Structures are given as structure tokens and as C-alpha cells.
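Below is the file data.cif, which contains mmCIF, C-alpha atoms.
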```cif
data_protein
loop_
_atom_site.label_atom_id
_atom_site.label_comp_id
_atom_site.auth_asym_id
_atom_site.auth_seq_id
_atom_site.Cartn_x
_atom_site.Cartn_y
_atom_site.Cartn_z
CA MET A 1295 36.12 63.55 -0.79
CA PRO A 1296 33.36 65.45 1.04
CA SER A 1297 30.21 63.64 1.93
CA LEU A 1298 26.84 64.57 0.57
CA GLU A 1299 25.92 66.17 3.89
CA GLU A 1300 29.16 68.21 3.90
CA GLU A 1301 28.52 69.47 0.39
CA LEU A 1302 25.06 70.71 1.26
CA PHE A 1303 25.74 72.04 4.74
CA PRO A 1304 29.43 72.89 5.33
CA SER A 1305 30.38 72.94 8.99
CA THR A 1306 33.19 75.51 8.62
CA PRO A 1307 31.96 79.14 8.92
CA GLY A 1308 32.83 81.70 6.24
CA LYS A 1309 32.83 79.28 3.28
CA PHE A 1310 29.50 80.36 1.87
CA LYS A 1311 29.80 82.78 -1.06
CA ILE A 1312 27.49 85.58 -2.08
CA ASP A 1313 25.97 83.30 -4.79
CA ARG A 1314 24.96 80.85 -2.08
CA GLY A 1315 21.47 80.25 -3.48
CA HIS A 1316 22.81 79.36 -6.92
CA GLY A 1317 25.35 76.97 -5.37
CA MET A 1318 22.79 75.27 -3.24
CA ASN A 1319 20.48 74.86 -6.25
CA ARG A 1320 23.34 73.30 -8.18
CA HIS A 1321 24.07 70.87 -5.32
CA PHE A 1322 20.40 70.15 -4.91
CA HIS A 1323 19.91 69.28 -8.59
CA ARG A 1324 23.05 67.15 -8.51
CA CYS A 1325 21.68 65.32 -5.49
CA PHE A 1326 18.24 64.95 -7.04
CA ALA A 1327 19.76 63.57 -10.24
CA SER A 1328 21.89 61.17 -8.23
CA THR A 1329 18.91 60.10 -6.12
CA SER A 1330 16.77 59.60 -9.23
CA THR A 1331 19.46 57.43 -10.75
CA MET A 1332 19.69 55.38 -7.58
CA PHE A 1333 15.92 55.04 -7.52
CA LEU A 1334 15.87 53.81 -11.11
CA TRP A 1335 18.65 51.36 -10.36
CA ALA A 1336 16.70 50.16 -7.32
CA LEU A 1337 13.61 49.63 -9.45
CA PHE A 1338 15.70 47.75 -11.99
CA LEU A 1339 17.21 45.52 -9.32
CA ILE A 1340 13.78 44.85 -7.79
CA ALA A 1341 12.40 43.93 -11.21
CA LEU A 1342 15.41 41.73 -11.92
CA THR A 1343 15.07 40.00 -8.56
CA ALA A 1344 11.33 39.45 -9.09
CA SER A 1345 12.01 38.02 -12.53
CA TYR A 1346 14.67 35.71 -11.14
CA LEU A 1347 12.43 34.50 -8.32
CA SER A 1348 9.58 33.95 -10.77
CA PHE A 1349 11.88 31.99 -13.08
CA GLN A 1350 13.30 30.02 -10.16
CA SER A 1351 9.77 29.19 -9.02
CA PHE A 1352 9.00 27.98 -12.53
CA VAL A 1353 12.16 25.87 -12.58
CA ASP A 1354 11.42 24.45 -9.12
CA SER A 1355 7.85 23.64 -10.13
CA GLY A 1356 9.11 21.96 -13.27
CA SER A 1357 11.71 20.09 -11.29
CA ARG A 1358 9.08 18.87 -8.83
CA TYR A 1359 6.86 17.91 -11.76
CA PHE A 1360 9.53 15.75 -13.30
CA SER A 1361 11.17 14.39 -10.12
CA ALA A 1362 8.19 13.83 -7.78
CA SER A 1363 7.32 10.30 -6.68
CA TRP A 1364 4.40 10.51 -9.08
CA GLY A 1365 3.46 12.79 -11.93
CA GLY A 1366 5.31 14.03 -14.97
CA ILE A 1367 5.79 12.94 -18.55
CA GLN A 1368 8.32 10.22 -17.77
CA TRP A 1369 6.21 8.85 -14.91
CA GLU A 1370 3.13 8.67 -17.13
CA LYS A 1371 5.13 6.80 -19.76
CA GLN A 1372 6.27 4.27 -17.15
CA VAL A 1373 2.69 3.78 -15.95
CA ARG A 1374 1.42 3.19 -19.50
CA ASN A 1375 4.23 0.76 -20.27
CA SER A 1376 3.55 -1.25 -17.13
CA ALA A 1377 -0.19 -1.33 -17.89
CA GLN A 1378 0.30 -2.53 -21.46
CA ILE A 1379 -1.53 -5.78 -22.25
CA HIS A 1380 0.43 -8.55 -24.01
CA ARG A 1381 -2.20 -11.21 -24.63
CA PRO A 1382 -5.48 -11.38 -26.56
CA GLY A 1383 -8.42 -10.62 -24.29
CA GLY A 1384 -6.09 -9.54 -21.50
CA MET A 1385 -6.83 -7.03 -18.79
CA SER A 1386 -5.17 -3.95 -17.35
CA VAL A 1387 -5.13 -4.21 -13.56
CA LEU A 1388 -4.38 -1.71 -10.82
CA VAL A 1389 -3.09 -3.75 -7.86
CA THR A 1390 -3.19 -1.91 -4.54
CA GLY A 1391 -0.88 -3.19 -1.83
CA ALA A 1392 1.33 -4.50 -4.63
CA ALA A 1393 4.46 -4.64 -2.46
CA GLY A 1394 2.61 -6.71 0.12
CA PHE A 1395 2.70 -10.49 0.41
CA VAL A 1396 -0.36 -11.41 -1.67
CA GLY A 1397 -0.04 -8.32 -3.86
CA THR A 1398 3.44 -9.27 -5.04
CA HIS A 1399 2.44 -12.82 -5.99
CA VAL A 1400 -0.75 -11.74 -7.75
CA SER A 1401 1.07 -9.01 -9.68
CA LEU A 1402 3.73 -11.45 -10.87
CA ALA A 1403 1.12 -14.01 -11.95
CA LEU A 1404 -0.87 -11.41 -13.90
CA LYS A 1405 2.25 -10.08 -15.61
CA LYS A 1406 3.47 -13.58 -16.43
CA ARG A 1407 0.30 -14.42 -18.34
CA GLY A 1408 0.41 -11.17 -20.31
CA ASP A 1409 -1.87 -8.80 -18.42
CA GLY A 1410 -1.00 -5.16 -17.80
CA VAL A 1411 -0.21 -4.43 -14.16
CA VAL A 1412 0.41 -1.21 -12.24
CA GLY A 1413 1.05 -1.47 -8.52
CA LEU A 1414 0.35 0.97 -5.69
CA ASP A 1415 1.79 0.75 -2.18
CA ASN A 1416 2.56 3.17 0.67
CA PHE A 1417 5.40 1.05 2.15
CA ASN A 1418 4.30 1.66 5.73
CA ASN A 1419 6.30 0.33 8.66
CA TYR A 1420 3.75 -2.08 10.15
CA TYR A 1421 6.48 -4.61 9.49
CA ASP A 1422 10.02 -4.23 8.12
CA PRO A 1423 9.72 -2.01 4.99
CA SER A 1424 12.95 -3.49 3.61
CA LEU A 1425 11.04 -6.68 2.82
CA LYS A 1426 8.49 -4.63 0.89
CA ARG A 1427 11.32 -2.86 -0.94
CA ALA A 1428 12.78 -6.24 -1.86
CA ARG A 1429 9.40 -7.32 -3.23
CA LYS A 1430 9.24 -4.08 -5.20
CA SER A 1431 12.64 -4.84 -6.74
CA LEU A 1432 11.35 -8.28 -7.68
CA LEU A 1433 8.33 -6.71 -9.37
CA ASN A 1434 10.41 -4.07 -11.13
CA GLY A 1435 12.66 -6.81 -12.50
CA ASN A 1436 9.58 -8.44 -14.02
CA GLY A 1437 8.26 -5.27 -15.65
CA VAL A 1438 5.77 -4.21 -12.97
CA LEU A 1439 5.85 -0.57 -11.89
CA VAL A 1440 4.95 0.03 -8.24
CA VAL A 1441 3.84 3.61 -7.57
CA GLU A 1442 4.59 4.79 -4.06
CA GLY A 1443 1.54 6.53 -2.62
CA ASP A 1444 -1.30 6.28 -0.14
CA LEU A 1445 -4.70 4.81 -0.89
CA ASN A 1446 -6.33 7.90 0.60
CA ASP A 1447 -4.64 10.17 -1.97
CA ALA A 1448 -7.63 10.74 -4.25
CA LYS A 1449 -5.60 12.94 -6.61
CA LEU A 1450 -3.07 10.20 -7.17
CA LEU A 1451 -5.77 7.61 -7.80
CA ALA A 1452 -7.57 9.94 -10.20
CA LYS A 1453 -4.30 10.58 -12.03
CA LEU A 1454 -3.66 6.87 -12.43
CA PHE A 1455 -7.11 6.39 -13.95
CA ASP A 1456 -6.53 9.43 -16.15
CA VAL A 1457 -3.34 7.87 -17.52
CA VAL A 1458 -4.69 4.30 -17.85
CA ALA A 1459 -8.23 3.06 -18.43
CA PHE A 1460 -7.93 0.13 -16.01
CA THR A 1461 -10.32 -2.72 -16.74
CA HIS A 1462 -9.90 -4.21 -13.26
CA VAL A 1463 -8.78 -3.28 -9.76
CA MET A 1464 -7.26 -5.90 -7.47
CA HIS A 1465 -7.57 -4.18 -4.10
CA LEU A 1466 -5.23 -5.83 -1.60
CA ALA A 1467 -4.00 -2.80 0.34
CA ALA A 1468 -5.08 -2.94 3.98
CA GLN A 1469 -3.94 -2.64 7.54
CA ALA A 1470 -3.50 -6.29 8.43
CA GLY A 1471 -3.16 -8.10 11.73
CA VAL A 1472 -5.66 -8.92 14.46
CA ARG A 1473 -3.62 -8.04 17.56
CA TYR A 1474 -2.09 -4.79 16.28
CA ALA A 1475 -5.59 -3.26 16.28
CA MET A 1476 -5.36 -2.98 20.05
CA GLU A 1477 -2.24 -0.80 19.68
CA ASN A 1478 -3.17 1.36 16.71
CA PRO A 1479 -6.90 1.18 16.00
CA ASN A 1480 -6.97 4.34 13.88
CA SER A 1481 -4.70 2.78 11.27
CA TYR A 1482 -7.42 0.20 10.53
CA VAL A 1483 -10.06 2.85 9.99
CA HIS A 1484 -7.66 4.90 7.84
CA SER A 1485 -6.72 2.03 5.51
CA ASN A 1486 -9.56 -0.48 5.62
CA ILE A 1487 -12.50 1.92 5.61
CA ALA A 1488 -11.44 5.43 4.53
CA GLY A 1489 -8.96 4.08 1.99
CA LEU A 1490 -11.55 1.70 0.56
CA VAL A 1491 -14.10 4.49 0.18
CA THR A 1492 -11.52 6.74 -1.51
CA LEU A 1493 -10.78 3.99 -4.02
CA LEU A 1494 -14.46 3.27 -4.66
CA GLU A 1495 -15.18 6.96 -5.21
CA VAL A 1496 -12.55 7.14 -7.94
CA CYS A 1497 -13.71 3.86 -9.50
CA LYS A 1498 -17.38 4.85 -9.63
CA SER A 1499 -16.48 8.07 -11.47
CA ALA A 1500 -14.11 6.38 -13.93
CA ASN A 1501 -15.19 5.92 -17.52
CA PRO A 1502 -15.22 3.04 -18.13
CA GLN A 1503 -15.73 1.77 -14.61
CA PRO A 1504 -13.39 -1.08 -13.66
CA SER A 1505 -14.46 -4.36 -12.12
CA ILE A 1506 -13.20 -4.66 -8.54
CA VAL A 1507 -11.89 -7.71 -6.70
CA TRP A 1508 -10.80 -7.04 -3.13
CA ALA A 1509 -9.48 -8.81 -0.06
CA SER A 1510 -11.94 -9.24 2.75
CA SER A 1511 -10.98 -11.79 5.42
CA SER A 1512 -12.05 -15.02 7.07
CA SER A 1513 -11.93 -12.96 10.27
CA VAL A 1514 -15.44 -11.70 9.48
CA TYR A 1515 -16.80 -15.04 10.73
CA GLY A 1516 -15.77 -13.92 14.20
CA LEU A 1517 -17.47 -15.85 16.95
CA ASN A 1518 -19.30 -18.13 14.52
CA ASP A 1519 -19.02 -21.72 15.78
CA LYS A 1520 -20.60 -23.47 12.79
CA VAL A 1521 -17.99 -25.27 10.69
CA PRO A 1522 -16.91 -25.21 7.99
CA PHE A 1523 -17.47 -21.47 7.51
CA SER A 1524 -19.78 -20.74 4.60
CA GLU A 1525 -20.46 -17.44 2.82
CA ALA A 1526 -24.10 -17.74 3.91
CA ASP A 1527 -23.19 -17.89 7.62
CA ARG A 1528 -23.78 -14.93 9.92
CA THR A 1529 -20.93 -12.43 10.12
CA ASP A 1530 -22.34 -9.89 12.55
CA ARG A 1531 -20.23 -10.89 15.56
CA PRO A 1532 -16.63 -9.84 14.82
CA ALA A 1533 -14.03 -10.74 17.45
CA SER A 1534 -11.57 -7.97 16.54
CA LEU A 1535 -11.48 -4.45 15.16
CA TYR A 1536 -9.67 -5.79 12.11
CA ALA A 1537 -12.58 -8.15 11.46
CA ALA A 1538 -15.07 -5.34 12.02
CA THR A 1539 -13.37 -3.13 9.42
CA LYS A 1540 -13.38 -5.97 6.90
CA LYS A 1541 -17.07 -6.63 7.56
CA ALA A 1542 -17.71 -2.91 7.15
CA GLY A 1543 -15.87 -3.14 3.84
CA GLU A 1544 -18.27 -5.81 2.65
CA GLU A 1545 -21.24 -3.61 3.47
CA ILE A 1546 -19.63 -0.53 1.89
CA THR A 1547 -18.80 -2.36 -1.35
CA HIS A 1548 -22.37 -3.66 -1.52
CA THR A 1549 -23.59 -0.07 -1.31
CA TYR A 1550 -21.38 1.04 -4.22
CA ASN A 1551 -22.50 -1.98 -6.23
CA HIS A 1552 -26.16 -1.15 -5.59
CA ILE A 1553 -25.98 2.60 -6.19
CA TYR A 1554 -23.27 2.97 -8.84
CA GLY A 1555 -23.23 -0.35 -10.68
CA LEU A 1556 -19.70 -1.36 -9.73
CA SER A 1557 -18.89 -5.05 -10.21
CA ILE A 1558 -17.62 -6.22 -6.81
CA THR A 1559 -16.05 -9.49 -5.70
CA GLY A 1560 -14.91 -9.88 -2.09
CA LEU A 1561 -12.46 -12.64 -1.14
CA ARG A 1562 -12.31 -14.04 2.37
CA PHE A 1563 -8.72 -15.28 2.70
CA PHE A 1564 -7.93 -18.05 5.18
CA THR A 1565 -4.47 -17.77 6.84
CA VAL A 1566 -2.26 -17.30 3.80
CA TYR A 1567 1.38 -18.44 4.05
CA GLY A 1568 4.39 -18.97 1.81
CA PRO A 1569 7.56 -17.35 0.41
CA TRP A 1570 7.81 -13.56 0.73
CA GLY A 1571 5.23 -13.76 3.53
CA ARG A 1572 4.45 -11.37 6.38
CA PRO A 1573 6.86 -11.40 9.35
CA ASP A 1574 3.97 -10.87 11.80
CA MET A 1575 2.37 -14.20 10.91
CA ALA A 1576 2.91 -17.14 13.29
CA TYR A 1577 4.66 -19.48 10.83
CA PHE A 1578 7.12 -16.67 9.94
CA SER A 1579 7.91 -15.58 13.49
CA PHE A 1580 8.13 -19.22 14.63
CA THR A 1581 10.74 -19.89 11.94
CA ARG A 1582 12.77 -16.84 12.94
CA ASN A 1583 12.72 -17.65 16.66
CA ILE A 1584 13.46 -21.35 16.19
CA LEU A 1585 16.56 -20.53 14.12
CA GLN A 1586 17.67 -17.95 16.67
CA GLY A 1587 17.19 -20.34 19.58
CA LYS A 1588 14.44 -18.22 21.11
CA PRO A 1589 11.24 -19.61 22.64
CA ILE A 1590 8.00 -19.49 20.67
CA THR A 1591 4.61 -18.79 22.22
CA ILE A 1592 1.84 -21.23 21.30
CA TYR A 1593 -1.67 -20.29 22.36
CA ARG A 1594 -4.35 -22.75 23.36
CA GLY A 1595 -8.09 -22.23 23.66
CA LYS A 1596 -10.72 -23.11 26.20
CA ASN A 1597 -10.32 -26.41 28.03
CA ARG A 1598 -6.68 -26.49 26.87
CA ALA A 1599 -7.75 -27.13 23.29
CA ASP A 1600 -5.20 -26.53 20.55
CA LEU A 1601 -5.88 -23.69 18.11
CA ALA A 1602 -6.36 -24.70 14.49
CA ARG A 1603 -6.11 -22.76 11.24
CA ASP A 1604 -7.08 -23.42 7.63
CA PHE A 1605 -3.57 -22.63 6.35
CA THR A 1606 -3.71 -21.77 2.63
CA TYR A 1607 -0.61 -21.67 0.43
CA ILE A 1608 0.00 -18.49 -1.51
CA ASP A 1609 -0.13 -20.15 -4.96
CA ASP A 1610 -3.64 -21.42 -4.23
CA ILE A 1611 -4.72 -17.93 -3.14
CA VAL A 1612 -3.28 -16.48 -6.35
CA LYS A 1613 -5.31 -18.97 -8.42
CA GLY A 1614 -8.41 -17.81 -6.57
CA CYS A 1615 -7.60 -14.15 -7.18
CA LEU A 1616 -7.06 -14.67 -10.91
CA GLY A 1617 -10.15 -16.80 -11.19
CA SER A 1618 -12.18 -14.06 -9.51
CA LEU A 1619 -10.79 -11.43 -11.87
CA ASP A 1620 -11.50 -13.58 -14.93
CA THR A 1621 -15.13 -14.13 -13.94
CA SER A 1622 -15.84 -10.75 -12.36
CA GLY A 1623 -18.23 -9.51 -15.05
CA LYS A 1624 -18.49 -5.86 -16.03
CA SER A 1625 -19.44 -2.79 -14.07
CA THR A 1626 -22.54 -1.15 -15.50
CA GLY A 1627 -22.17 2.48 -14.48
CA SER A 1628 -20.70 5.44 -16.31
CA GLY A 1629 -19.66 8.79 -14.91
CA GLY A 1630 -20.94 7.83 -11.49
CA LYS A 1631 -24.39 6.75 -12.71
CA LYS A 1632 -25.69 3.18 -12.63
CA LYS A 1633 -27.16 1.82 -15.86
CA GLY A 1634 -27.97 -1.70 -14.73
CA ASN A 1635 -27.32 -4.41 -12.19
CA ALA A 1636 -23.72 -5.54 -11.76
CA PRO A 1637 -22.32 -8.68 -10.10
CA PHE A 1638 -21.78 -8.69 -6.35
CA ARG A 1639 -20.02 -11.80 -5.06
CA ILE A 1640 -18.20 -13.03 -1.96
CA PHE A 1641 -15.99 -16.14 -1.93
CA ASN A 1642 -14.07 -18.11 0.67
CA LEU A 1643 -10.52 -18.91 -0.42
CA GLY A 1644 -9.09 -21.55 1.89
CA ASN A 1645 -7.52 -24.99 1.93
CA THR A 1646 -10.45 -26.79 3.64
CA SER A 1647 -8.04 -28.78 5.84
CA PRO A 1648 -7.46 -27.10 9.22
CA VAL A 1649 -4.20 -27.96 10.99
CA LYS A 1650 -3.52 -27.52 14.70
CA VAL A 1651 -0.80 -24.99 15.51
CA PRO A 1652 1.41 -27.51 17.40
CA GLU A 1653 1.47 -29.64 14.24
CA LEU A 1654 2.57 -26.56 12.27
CA VAL A 1655 5.51 -26.29 14.67
CA ASN A 1656 6.31 -30.00 14.24
CA ILE A 1657 6.56 -29.52 10.48
CA LEU A 1658 8.80 -26.48 10.85
CA GLU A 1659 11.10 -28.42 13.19
CA ARG A 1660 11.51 -31.16 10.60
CA HIS A 1661 12.30 -28.75 7.77
CA LEU A 1662 14.62 -26.58 9.87
CA LYS A 1663 16.24 -29.54 11.64
CA VAL A 1664 16.06 -27.52 14.84
CA LYS A 1665 13.95 -28.21 17.92
CA ALA A 1666 11.62 -25.42 19.03
CA LYS A 1667 11.52 -24.11 22.58
CA ARG A 1668 7.77 -24.10 23.17
CA ASN A 1669 6.00 -21.82 25.60
CA ILE A 1670 2.33 -22.84 25.76
CA VAL A 1671 -0.08 -20.28 27.23
CA ASP A 1672 -3.81 -19.64 27.29
CA MET A 1673 -5.13 -17.50 24.47
CA PRO A 1674 -5.62 -13.88 25.64
CA GLY A 1675 -8.69 -11.87 24.72
CA ASN A 1676 -6.97 -10.03 21.87
CA GLY A 1677 -9.32 -10.79 19.01
CA ASP A 1678 -7.98 -14.19 17.93
CA VAL A 1679 -10.43 -17.02 17.30
CA PRO A 1680 -9.83 -20.70 18.22
CA PHE A 1681 -10.20 -22.16 14.72
CA THR A 1682 -10.95 -21.43 11.08
CA HIS A 1683 -12.25 -23.80 8.40
CA ALA A 1684 -13.34 -22.79 4.90
CA ASN A 1685 -16.20 -24.12 2.83
CA ILE A 1686 -14.99 -23.40 -0.73
CA SER A 1687 -17.84 -24.94 -2.73
CA TYR A 1688 -19.05 -21.54 -3.98
CA ALA A 1689 -15.63 -20.69 -5.48
CA GLN A 1690 -15.38 -24.19 -6.92
CA ARG A 1691 -18.63 -23.72 -8.81
CA ALA A 1692 -17.89 -20.17 -9.91
CA PHE A 1693 -14.38 -20.59 -11.35
CA GLY A 1694 -13.10 -24.07 -10.52
CA TYR A 1695 -11.12 -23.10 -7.44
CA LYS A 1696 -9.21 -26.09 -6.09
CA PRO A 1697 -6.32 -25.80 -3.62
CA THR A 1698 -3.52 -28.28 -4.30
CA THR A 1699 -0.77 -27.55 -1.73
CA ASP A 1700 -0.82 -29.19 1.69
CA LEU A 1701 0.90 -27.62 4.71
CA GLN A 1702 3.86 -30.01 4.62
CA THR A 1703 4.69 -29.08 1.02
CA GLY A 1704 3.95 -25.39 1.43
CA LEU A 1705 6.10 -24.95 4.54
CA LYS A 1706 8.98 -26.75 2.83
CA LYS A 1707 8.88 -24.11 0.07
CA PHE A 1708 8.63 -21.32 2.61
CA VAL A 1709 11.59 -22.57 4.64
CA LYS A 1710 13.69 -22.88 1.49
CA TRP A 1711 12.92 -19.25 0.62
CA TYR A 1712 13.48 -18.05 4.19
CA LEU A 1713 16.90 -19.67 4.51
CA SER A 1714 17.96 -18.23 1.17
CA TYR A 1715 16.56 -14.73 1.71
CA TYR A 1716 18.09 -14.30 5.16
CA GLY A 1717 21.38 -15.95 4.22
CA TYR A 1718 21.23 -18.98 6.51
CA ASN A 1719 22.44 -21.33 3.77
CA ASN A 1720 25.70 -19.42 3.50
CA ARG A 1721 26.18 -18.61 7.18
CA GLN A 1722 25.22 -21.88 8.82
CA GLY A 1723 25.37 -24.51 6.11
CA LEU A 1724 21.66 -25.29 6.38
CA GLN A 1725 20.08 -26.99 3.38
#
```
Can I see the file as C-alpha cells?
Amino acid sequence: MPSLEEELFPSTPGKFKIDRGHGMNRHFHRCFASTSTMFLWALFLIALTASYLSFQSFVDSGSRYFSASWGGIQWEKQVRNSAQIHRPGGMSVLVTGAAGFVGTHVSLALKKRGDGVVGLDNFNNYYDPSLKRARKSLLNGNGVLVVEGDLNDAKLLAKLFDVVAFTHVMHLAAQAGVRYAMENPNSYVHSNIAGLVTLLEVCKSANPQPSIVWASSSSVYGLNDKVPFSEADRTDRPASLYAATKKAGEEITHTYNHIYGLSITGLRFFTVYGPWGRPDMAYFSFTRNILQGKPITIYRGKNRADLARDFTYIDDIVKGCLGSLDTSGKSTGSGGKKKGNAPFRIFNLGNTSPVKVPELVNILERHLKVKAKRNIVDMPGNGDVPFTHANISYAQRAFGYKPTTDLQTGLKKFVKWYLSYYGYNNRQGLQ
């Protein structure tokens, strides 16, 4: 079959007839008709492709809407169900850092008494995220939804408040740890300052505004040498960047209380310990190393003095958190505008009985039935302080705070959890 070029321009001489013009016109019109048809088909295919891509984009958008880590009809239903209140006079609480140590325990306690709870956590890798995932599973099993997202995601926070009119916020999300600040200082600014401001911005614009209880730290007392530490003591000499960001948080929250009428309660935790704790804490790492036969490093202060901490069991901290929520009072603003004065409070939550670190190790040895390999060194200049000691009289007067667990009892409960969680009971026959 001749090609289109051969039909129009034959290469063999003598094949053109006398009616050449008529023949060429006929071929030309045939070609034009064929080209027009091809053009129309091309247009049709382009339109079909565009329609398909548009539809596919719609499907992909819908798929993302329904399958994203947050957002969508099903997600909103889960959030509302988790926030549902099941007791008269109960509260609906957004708990940030819900998959963290304190956050998990507080969320469980709130849910157990019938409050609505929605958690938020970014599951960062400051320490083993699998422990946080395990805490999340524990919360899920008790009806608490934990949304995975970052505190600095203003759209996510706004969406949560759009779905649920939270009465309270328990803000426990933070970059923890004193020594890690020397390795990654920006993470402290990102979480403890920028993240706090992002949360406060959403809260001040919410209608109604929630009451806010948040975790400051006993680290704000810094180089203060007056004991026991009282809320009225000076806190302008932080010994670490972590402490400085927590002190900045106290000043920032005061500003939002003053300008926007947000009810704010700051809690200065004193060395919290217990089951589901943080692996970076001394009692946790000591337990791990003792069981593995590795040496533990025990710091000592000036003049070879032992360091001491006001170790506070997690259940006592939870009682303080719930007491603070129950007595927080109401925010007075609306739509970002203050209508009256709102409460601004700061409480110490401690045990009031400091224990020297070597004694902590003695207790662990008794519970683990294993002798520690101690490596005693002078405390480096990494932001740690030689001692902490809480004056809790303010919290006692405000909501009857009274710690009831001594270190001996608390560590026994921690060791029992640790051996079970990490499988030592099965592997080594430890009781």
C-alpha cells in the first residue's frame, strides 16, 4: 500500500495523467479529511486524558482525606468519641505528649474517672519510640485516641478544637532532658518555646477558651541554694538550656494570661519516676545496666558530696495534675479578646523527701538482687544541679496535694514493671 507521500508525489516518471490537477485535489481533500479526523481524535484523547487525570486527582485527594494520619469523617468521629464525657460535671481534655511517661498516666487517670480525653504526640526519637508506641497501645485499649502530629502544626491544633470544644488542655509535650540540650539545643526551642506559643495561639482564639495546665520543671530553680525550693524563690539563674526554656515558658504563659484571659497553671515537677518511665532517667538506665552487668556512672558534687533528688512517684504526680485541672478556674477570653482576669498559678509537685543517688542504687540492688558496678565521678558542667527539694505547701492548700509513695515502695513497683515489660521474668527467672 503506497504511503501518503507516494500518493501525493509519485517518484516514477510518466505516471501523471492529463487530469493531474483534479487528481491532486482529490488526494489533497482525502488527506485533509484524514488529517481533520486525526485532529479530532487527538482532541478527544486529550480531553479524555484530562478528564481522567482530573478524576484521578479527585480520587487521590479523597483518598488522602480519608487515609491521612489526621482529618476525614472517620477521624473526626474517633476524636469525638474519645473526647466524650462519661461523668456529671466532667471535662474534655486535650493531652499533649500523651504517649510520654506522665502523659500516658494522666490520660489513663482522666479516662478512668469518666473524663473525655484526646491525646496528641509526635513520637519523636529522643528515646526509643517503641516504648511510646506501647504506651499508645495501652491508651487505645482504654478508649483514648492518640493523634500523631506535631505541636507546631497549627492547622492540626485548630482542627482538633474545631471538632471538639475542649474544656481543658493538659500540656505535657516537651523536649525533655538536661544533658541532651548540649547536643541538640534547637529541639528545645522548637518544642518548649515555639510549640508552646503555637498551642497558646490556638487556645486564645478558641471559643470557648480552655483552661490550661502545663508542665514546667523544678529545673527552673537552677543555681538557687535555698532549700526547700519554694514557688516564691528566684528563678532567674537557670543552669541548663532546658531549664531556660521552661522558665521562658512560665513568662510566655503569664503574657497570654494577662493579655488574652487564659487560665494558666504551671506545674514544676520534681524528678518523676515509675512504671512506663523514660529510659534516659537515671533510675531507668541504672536498672538496665545493672541487669546487663554493665557499670553505672554516679556523679558527685563539690567536695565529693553525693547528689540528691526529690524523687516523686508517678501516681503522686498524677494526683497533682488532676487536682490542678479540677481547680484551674475558667478562662475569661473569647475570640482572642480578654473579658476579665483569669487565674495564673504555679505549683511545685514533689515528694519533699530528697534521697541521695547512692541510696537510690542501694534500693535498686535489693529489688533486682544484683550488685551494681559503680563508677563514681565528679559531676561535669552539663547543666545538672547538686540537689532538689520541693516545698509543696502551696499545692497542699490549693487542692490538698499530698504525696504518699516513698522511694522504696515506688522503685519496687517500677522494677516489677521493668522485669515484666522487658521479659526478664521469663528469660532469667527473676521475681
Using only C-alpha atoms, the best pick from A:Gly1595, A:Ala1602, A:Arg1528, A:Thr1626 as closest to Ser1499 (chain A) would be A:Thr1626
Using all atoms listed in the file, what does the table of region 1599-1715 of chain A residues within 12 Å of region 1455-1461 of chain A look like, with each row giving the shortest atom pair and its distance in Å to one decimal, sorted by chain and ascending number, as a tab-separated table?
```
residue	atom	partner	partner_atom	distance
A:Leu1619	CA	A:Thr1461	CA	10.0
A:Asp1620	CA	A:Thr1461	CA	11.1
A:Ser1622	CA	A:Thr1461	CA	10.7
A:Gly1623	CA	A:Thr1461	CA	10.6
A:Lys1624	CA	A:Thr1461	CA	8.8
A:Ser1625	CA	A:Thr1461	CA	9.5
```
Nearest-residue call for Leu1662 (chain A), choices A:Tyr1420, A:Tyr1712, A:Phe1563, A:Phe1681, using all atoms listed in the file: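 Distance minimum relative to Leu1662 (chain A) lands on A:Tyr1712.
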Assuming the chain letters and numbering stay as they are in my file, what does the PyMOL selection byres ((chain A and resi 1547) around 10) actually select? List them as a list of chain:residue names. A:Leu1490, A:Val1491, A:Leu1494, A:Ile1506, A:Trp1508, A:Ala1542, A:Gly1543, A:Glu1544, A:Glu1545, A:Ile1546, A:His1548, A:Thr1549, A:Tyr1550, A:Asn1551, A:His1552, A:Ile1553, A:Leu1556, A:Ser1557, A:Ile1558, A:Thr1559, A:Gly1560, A:Phe1638
Counting all atoms listed in the file, which residues have an atom no more than 6 Å from (7.2, -27.9, 5.7) in the file's coordinates? Please list them as a tab-separated table (two decimals) with C-alpha atoms, keeping the file's coordinate frame.
```tsv
chain	number	residue	atom	x	y	z
A	1657	ILE	CA	6.56	-29.52	10.48
A	1658	LEU	CA	8.80	-26.48	10.85
A	1661	HIS	CA	12.30	-28.75	7.77
A	1702	GLN	CA	3.86	-30.01	4.62
A	1703	THR	CA	4.69	-29.08	1.02
A	1704	GLY	CA	3.95	-25.39	1.43
A	1705	LEU	CA	6.10	-24.95	4.54
A	1706	LYS	CA	8.98	-26.75	2.83
```
Computed gap from CA of Val1651 (chain A) to CA of Pro1589 (chain A) is 15.0 Å
With distances taken over all atoms listed in the file, the candidate from A:Lys1406, A:His1380, A:Arg1572, A:Arg1531 nearest Tyr1515 (chain A) is A:Arg1531
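Excluding Arg1374 (chain A) itself and same-chain residues fewer than 2 positions from it, the residues having an atom within 9 Å of it are Trp1369, Glu1370, Lys1371, Gln1372, Ser1376, Ala1377, Gln1378, Gly1410, Val1412, Val1457 and Val1458 of chain A, counting only C-alpha atoms.
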